[in-house]
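Notes follow the structure.
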Amino acid sequence: APGGLPWGIAVLAAGLALEMYASRSGPAPGLALPGGSAGSPAGVLGGWVLTALGLILVGPGLTHQCGRLLQAARPGALRLLAGRVLQEEARRIGRPLGVVCAVASGAYAMATLHSGARPGIGPLTALGALLVIGCALLTLATAAVEARNARAETMTALLRLGAPATLLRSAALLRAGILLAVFGPLTWTVAELATMPLVP
């Protein structure tokens, strides 16, 4: 099992704590960032970096735990297959999934900050954000394709043994569903907590 889950949780908690502390410690030197985010406290931005790093470190371990969760309480063939595949692919797809969560969290925070009276983001900032989001999604898609190619022989062997194709498709949908159910709320929670220090 990937061993980065405790470290990822610790870094994630440290990042959120640093943001809260920096936002409540009074006036502090600010950093001028593109997109109308001038004057953001350096401690808050440092906390954002730690939070993103924590999400990336958490990814593989959390993916492995999702596989274990699927196999809990007398699993059938569907849950057993989906869980074993998630455990085997935890290192391969977990980190890109963490990157996507970090980028989504940052995008949510940016959208929240610019939804009020602050000036809107410029075209170059929007282009940069789209580029970062696109690269993160492309990395995750590439990892998913590599994982699918790595288990192609196993899937072919299962089909030869008589496993129905619907079972394999259902297992893939189940894996995607549990990852979305776990990483979606995590990303939203981290984004909300990371945005709180900067929302007046």
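Please note that chains go A, B, ... in the order of the structure tokens, that every chain numbers its residues from 1, and that ligands are numbered from 1 in the order shown.
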_Which residues are close to range 79-96 of chain A, i.e. within 10 Å by only C-alpha atoms, leaving aside same-chain residues fewer than 5 positions away? Reply as a PyMOL selection string._
chain A and resi 1-2+55-72+74+101-102+136-148+150-151+167-176+178-179
*Which parts of chain A does DSSP call helix (DSSP H, G or I) when run on the backbone here, written out as a PyMOL selection string?*
chain A and resi 5-24+42-70+77-88+90-113+123-150+152-160+165-198
Export of the given selection (C-alpha atoms) as a short mmCIF file (atom, residue, chain, number, x, y, z; two decimals), in the first residue's frame:
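Contents of result37.cif, as written:
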data_model
loop_
_atom_site.label_atom_id
_atom_site.label_comp_id
_atom_site.auth_asym_id
_atom_site.auth_seq_id
_atom_site.Cartn_x
_atom_site.Cartn_y
_atom_site.Cartn_z
CA LEU A 5 -1.37 9.04 3.19
CA PRO A 6 -0.33 10.11 6.74
CA TRP A 7 2.24 12.54 5.36
CA GLY A 8 -0.29 13.96 2.92
CA ILE A 9 -2.85 14.49 5.67
CA ALA A 10 -0.21 16.18 7.83
CA VAL A 11 0.90 18.52 5.02
CA LEU A 12 -2.72 19.28 4.12
CA ALA A 13 -3.56 20.15 7.73
CA ALA A 14 -0.40 22.24 8.04
CA GLY A 15 -1.31 24.19 4.90
CA LEU A 16 -4.82 24.95 6.12
CA ALA A 17 -3.50 25.92 9.57
CA LEU A 18 -0.91 28.24 8.01
CA GLU A 19 -3.59 29.95 5.95
CA MET A 20 -5.79 30.51 8.99
CA TYR A 21 -2.88 31.77 11.09
CA ALA A 22 -1.59 34.12 8.39
CA SER A 23 -5.05 35.58 7.77
CA ARG A 24 -5.62 36.32 11.47
CA ALA A 42 2.47 35.57 1.73
CA GLY A 43 1.56 33.16 4.55
CA VAL A 44 -1.84 32.46 3.00
CA LEU A 45 -0.28 31.78 -0.39
CA GLY A 46 2.30 29.52 1.26
CA GLY A 47 -0.56 27.66 2.91
CA TRP A 48 -2.18 27.20 -0.50
CA VAL A 49 1.03 25.62 -1.79
CA LEU A 50 1.18 23.23 1.17
CA THR A 51 -2.49 22.38 0.73
CA ALA A 52 -1.96 21.53 -2.93
CA LEU A 53 1.08 19.41 -2.05
CA GLY A 54 -0.96 17.61 0.61
CA LEU A 55 -3.67 16.73 -1.90
CA ILE A 56 -1.06 15.35 -4.28
CA LEU A 57 0.52 13.24 -1.53
CA VAL A 58 -2.86 11.98 -0.32
CA GLY A 59 -3.93 10.78 -3.79
CA PRO A 60 -2.27 7.33 -3.99
CA GLY A 61 -3.07 6.31 -0.43
CA LEU A 62 -6.66 7.47 -0.66
CA THR A 63 -7.11 5.61 -3.95
CA HIS A 64 -5.79 2.45 -2.30
CA GLN A 65 -8.20 2.91 0.61
CA CYS A 66 -11.08 3.28 -1.88
CA GLY A 67 -10.11 -0.14 -3.24
CA ARG A 68 -10.15 -1.61 0.26
CA LEU A 69 -13.52 -0.02 0.94
CA LEU A 70 -15.01 -1.66 -2.15
CA ALA A 77 -17.26 -10.51 -8.01
CA LEU A 78 -18.01 -6.94 -9.13
CA ARG A 79 -16.78 -5.18 -6.00
CA LEU A 80 -13.84 -7.55 -5.63
CA LEU A 81 -12.66 -6.90 -9.18
CA ALA A 82 -13.12 -3.12 -8.93
CA GLY A 83 -11.39 -2.97 -5.55
CA ARG A 84 -8.39 -5.07 -6.59
CA VAL A 85 -7.87 -2.98 -9.73
CA LEU A 86 -7.99 0.25 -7.69
CA GLN A 87 -5.42 -1.12 -5.26
CA GLU A 88 -3.12 -2.18 -8.09
CA ALA A 90 -3.26 3.36 -6.73
CA ARG A 91 0.28 4.56 -7.38
CA ARG A 92 -0.30 5.06 -11.10
CA ILE A 93 -3.50 7.12 -11.01
CA GLY A 94 -3.50 8.39 -7.43
CA ARG A 95 -0.95 11.16 -7.87
CA PRO A 96 -2.47 12.59 -11.09
CA LEU A 97 -5.85 12.44 -9.36
CA GLY A 98 -4.40 14.43 -6.48
CA VAL A 99 -3.04 16.98 -8.95
CA VAL A 100 -6.49 17.36 -10.52
CA CYS A 101 -8.01 17.84 -7.06
CA ALA A 102 -5.42 20.49 -6.20
CA VAL A 103 -6.05 22.33 -9.47
CA ALA A 104 -9.83 22.09 -9.03
CA SER A 105 -9.51 23.40 -5.48
CA GLY A 106 -7.43 26.34 -6.68
CA ALA A 107 -9.85 27.07 -9.51
CA TYR A 108 -12.79 27.05 -7.09
CA ALA A 109 -10.94 29.39 -4.74
CA MET A 110 -10.08 31.75 -7.59
CA ALA A 111 -13.68 31.78 -8.83
CA THR A 112 -14.91 32.50 -5.29
CA LEU A 113 -12.47 35.35 -4.77
CA PRO A 123 -7.21 37.28 -20.52
CA LEU A 124 -3.65 36.10 -19.87
CA THR A 125 -4.57 34.89 -16.39
CA ALA A 126 -7.60 33.06 -17.77
CA LEU A 127 -5.44 31.48 -20.49
CA GLY A 128 -2.89 30.37 -17.90
CA ALA A 129 -5.61 28.88 -15.70
CA LEU A 130 -7.10 26.99 -18.65
CA LEU A 131 -3.64 25.71 -19.56
CA VAL A 132 -3.00 24.43 -16.03
CA ILE A 133 -6.43 22.76 -15.84
CA GLY A 134 -5.98 21.21 -19.29
CA CYS A 135 -2.54 19.84 -18.42
CA ALA A 136 -3.82 18.34 -15.16
CA LEU A 137 -6.74 16.64 -16.91
CA LEU A 138 -4.48 15.41 -19.70
CA THR A 139 -2.07 13.94 -17.15
CA LEU A 140 -4.92 12.08 -15.45
CA ALA A 141 -6.25 10.83 -18.79
CA THR A 142 -2.77 9.63 -19.79
CA ALA A 143 -2.38 7.76 -16.49
CA ALA A 144 -5.81 6.15 -16.95
CA VAL A 145 -4.91 4.99 -20.48
CA GLU A 146 -1.58 3.58 -19.25
CA ALA A 147 -3.37 1.73 -16.47
CA ARG A 148 -5.88 0.31 -18.93
CA ASN A 149 -3.11 -0.88 -21.24
CA ALA A 150 -1.25 -2.44 -18.30
CA ALA A 152 -5.30 -5.42 -20.92
CA GLU A 153 -3.92 -8.96 -20.75
CA THR A 154 -5.72 -9.61 -17.47
CA MET A 155 -9.02 -8.38 -18.88
CA THR A 156 -8.55 -10.53 -21.98
CA ALA A 157 -7.90 -13.56 -19.80
CA LEU A 158 -11.06 -12.88 -17.80
CA LEU A 159 -13.09 -12.68 -21.00
CA ARG A 160 -11.63 -15.99 -22.17
CA ALA A 165 -18.14 -7.89 -20.73
CA THR A 166 -20.83 -6.08 -18.74
CA LEU A 167 -19.02 -7.09 -15.54
CA LEU A 168 -15.84 -5.35 -16.70
CA ARG A 169 -17.74 -2.22 -17.71
CA SER A 170 -19.65 -2.17 -14.44
CA ALA A 171 -16.40 -2.53 -12.51
CA ALA A 172 -14.94 0.46 -14.37
CA LEU A 173 -18.03 2.54 -13.60
CA LEU A 174 -17.88 1.47 -9.96
CA ARG A 175 -14.24 2.53 -9.70
CA ALA A 176 -14.98 5.91 -11.23
CA GLY A 177 -18.02 6.34 -8.97
CA ILE A 178 -16.22 5.68 -5.70
CA LEU A 179 -13.29 7.91 -6.69
CA LEU A 180 -15.70 10.72 -7.50
CA ALA A 181 -17.63 10.13 -4.26
CA VAL A 182 -14.43 10.36 -2.18
CA PHE A 183 -12.31 12.93 -3.99
CA GLY A 184 -15.19 15.25 -4.93
CA PRO A 185 -16.26 16.17 -1.37
CA LEU A 186 -12.60 16.28 -0.29
CA THR A 187 -11.78 18.79 -3.02
CA TRP A 188 -14.82 20.93 -2.22
CA THR A 189 -14.06 20.91 1.53
CA VAL A 190 -10.41 21.85 1.03
CA ALA A 191 -11.40 24.59 -1.42
CA GLU A 192 -13.92 26.05 1.03
CA LEU A 193 -11.42 25.98 3.91
CA ALA A 194 -8.66 27.47 1.74
CA THR A 195 -10.91 30.30 0.58
CA MET A 196 -12.22 31.28 4.02
CA PRO A 197 -9.13 33.29 5.07
CA LEU A 198 -9.35 35.55 2.01
#
_I'd like to know which residues of range 13-160 of chain A are strand (DSSP E) (by DSSP, run on the backbone); could you write them as a ChimeraX atom specification?_
/A:30-31,40-41
Filtering to all heavy atoms, could you give me those residues as a short mmCIF file (atom, residue, chain, number, x, y, z; two decimals), in the first residue's frame?
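This went into part27.cif:
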data_model
loop_
_atom_site.label_atom_id
_atom_site.label_comp_id
_atom_site.auth_asym_id
_atom_site.auth_seq_id
_atom_site.Cartn_x
_atom_site.Cartn_y
_atom_site.Cartn_z
N GLY A 30 2.19 41.78 1.49
CA GLY A 30 1.44 41.05 0.47
C GLY A 30 2.26 40.81 -0.78
O GLY A 30 3.27 41.46 -1.01
N LEU A 31 1.82 39.87 -1.56
CA LEU A 31 2.44 39.57 -2.83
C LEU A 31 1.53 40.01 -3.96
O LEU A 31 0.33 39.79 -3.91
CB LEU A 31 2.72 38.06 -2.95
CG LEU A 31 3.68 37.47 -1.91
CD1 LEU A 31 3.80 35.97 -2.12
CD2 LEU A 31 5.04 38.12 -2.01
N SER A 40 -2.19 39.81 -1.46
CA SER A 40 -2.50 38.57 -0.74
C SER A 40 -1.36 38.26 0.22
O SER A 40 -0.20 38.29 -0.18
CB SER A 40 -2.69 37.42 -1.73
OG SER A 40 -3.77 37.70 -2.61
N PRO A 41 -1.67 37.95 1.48
CA PRO A 41 -0.60 37.67 2.44
C PRO A 41 0.25 36.49 1.99
O PRO A 41 -0.26 35.49 1.50
CB PRO A 41 -1.37 37.33 3.73
CG PRO A 41 -2.70 37.97 3.56
CD PRO A 41 -2.99 37.92 2.09
#
